[in-house]
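Participant: Can you read through this structure? Questions will come right after.
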Amino acid sequence: MALPHVQPPSFLLASLKADCVNKPFTQRCHDLVKVIDDFPAKELHYIFPWLVESIFGSLDGILVGWNLRCLQGRVNPIEYSIAMEFLDPSGPMMKLVYKLQAEDYKYDFPVSYLPEPVRACIQERVLPECPLYHNKIQFPPAGGQGLHLALSPFEYYMFFFALSLITQRSFPMSVHVRTSDCAYFILVDRYLTWFLPTEGNVVPPPSSTLGCSIPSPTPRTPAVPFSSYGLHHTSLLKRHISHQPSVNADPASQEIWRSETLLQVFVEMWLHHYSLEMYQKMQSPHAKESFKPTEEHVLVVRLLLKHLHAFSNSLKPEQLSPSTHSHTASPLEEFKRVVIPRFVQQKLYIFLQHCFGHWPLDASFRAVLEMWLSYLQPWRYAPEKPFLATDPQSRSIPDKWAPFVQENLLLYTRLFIGFLNRALRTDLVSPKNALMVFRVAKVFAQPNLAEMIQKGEQLFLEPELVMPHRQHRVFVTPPFSGNLLSSWPPTITDASFKVKSHVYSLEGQDGQYKQMFGPEVRALVLRLAQMIAQAKQTANSLSDYSNEMSANRSFLSWLGFRHVDANGTFSVNDLDELGQDSIKKTDEYLEKALEYLGQIFRLSEAQLTQVMVNVGAAPDENGKKLPDCIMSDEGLVLTPLGRYQIINGLRKFEIEYQGDLELQPIRSYEAAPLVRLLFRAASALNQRFAGQMAALCSREDFLGAFCRYHLMDLAQAQRTRLSPVAPHRAGRPYGPRISLRFLGSYRTLVSLLTIFFVASLFCIGPLSCSVLILVAYLLYAIMMTAVTQNIKPHQP
């Protein structure tokens, strides 16, 4: 599209908006490339905000723009390749950004769309700590609405790019997008690789092509010198927003201002959704969650953390020493040294704490878990690969990582305890939940890591002393009070100071530190070990049960029927649908997790054996396995494992009717009027001949045994109460009596009618048939009486 340069900017913008409706995506991108190349910055300045919004969507989430989070190469290869080429760090869009950056244009960004802690801080007229917002806050003019930031083109572009991950949340139900394949995820990776390179320096902006230099939009202030990045500055009095410090351009900042801006924007937009004050309030279970991160959001943050580890680990060995970095290190090398502790650590900790406490107890937590574990293992992203050796002893973590572990102590210990509390509330029989426990246990069981964590806890518990030459090295917490230090011995190490500063800066002076290797956490680990053993037992029961039911229903399945168990429920459950392989994996994950936990906390064989004994099989009742339960003063009480066994139909209590069988509710297979009539007749007979029946049953001869066989229910007298909540009690014995209820059963009536019908075919009348039935039964009863009297004589 060739438009004359003499046209006003409004005409250019109107033409591009019309093209969005009338032209296909490919043609629109081609026209945009020509516009960026042909038009001067003065005219491109007017279309830039609209173009950014048309690409990344509106801040309120209504307009989706190019929908980069759903754009995939394997689904839309042409649109994907064009969009990626246009938005590439060296592509036309970034060329437009640099073109406008050279002219020092500013664009308004509403404060209302910033993360909650920053928005609240600015609205209270308090200057945020992050330098990203300094000298950009603009008050509304008379009659204007809302505060806004005056951003440079590069900042404005990155703000929209980062926030599109948060604001664009709605996907069509039919769309299944793999995050790692979408255009947005790939672009994040490209931007990180370009602006935070692990090899070489940052590629300079194309100033030669543009014909002028590109200034830094955020030159450093004297209050935050570049050489003091690694140190947190304490300010007990919050600075008012009207006192924004004046800026002086620092030549060192020109080299990496884009790298700083990119990182600060990503961290602020993706991680800074919870302040320290908000984090403390969110510890209440009744607190309302202000921001709910998605699984996609967490995956992108994990990508950021992995790249930052690689970026930080690419620091030259000679620059690792703090004594030499301030004079000899280049700005990029200095930036690598402090990028994680200065920009990421605090916000990531609060973000993870929130996720651990508020994420649903389902398999989607795996994304949060892997993000956390990626941060805890910076050695995985180091240039050298220490874990390639086959010897397990040589796979230990090098000692050079001990400072990182100690200076990130809470991210190891506090979050591990948070994971324990989550694991104790999940169903470990599920393969996905078992895998998460296995992953955490495997990471923490790496040789030398537990010792590093324990050493960090010892350093934190060391007594401390404020030393004169270190008083200026105070982090973001209030200074230590003298009365707390007066009774402590005058010994302190530099490592101890760093660990204490880390803990106090994240938890405050009043925070209660819970030792990961203390008795309280050890008790939680033993509880988890017991749950793992119970889950292993349940998984094995599921496997046996599934095999048994598969064999039992094979013939019915061949006929096209589904087997129904004794309780009337189908025998297929969730784990059956997963298959034997998944059940086997669950057992393997739990077995290894139990082994790793023993290594981490030095659990002896005797302790693990005791755990297995405590989880032993439930008591048998009449040769049948009962659900897992424990005996209490009120009888048997189900354990969580026992409830799981009952829900999934693995085991059950044999509950039987314990009252008078003559008075039990009328069953569906009985004729109600006939049952009531027979009960009245039997009651009349029992009342009329009670004495005679008792006398006959008390005889010791064959007649007495014959009468006892028919008039007394010995099985009911011996029946016991089987209940999970009450002790066993013997059944109540009843005297000799006549029972006619069996004649009210449809089965009995149908059987009699069938016999009469068959007899009629042989010319046998109903009366003769009845006599034959009575004689046949008398012979059967005499035989059974003789047998039972010889095998199990009656005991009055």
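The way I read the labels, and the way they are meant: chains A, B, ... in the order of the structure tokens, residue 1 as the first residue of every chain, and ligand 1 as the first ligand shown, with later ones counted on from there.
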Please provide as a count of residues only all residues within 9 Å of Cys697 of chain A, with the sequence filter that same-chain residues fewer than 6 positions apart are discarded (counting only C-alpha atoms).

Facilitator: 10
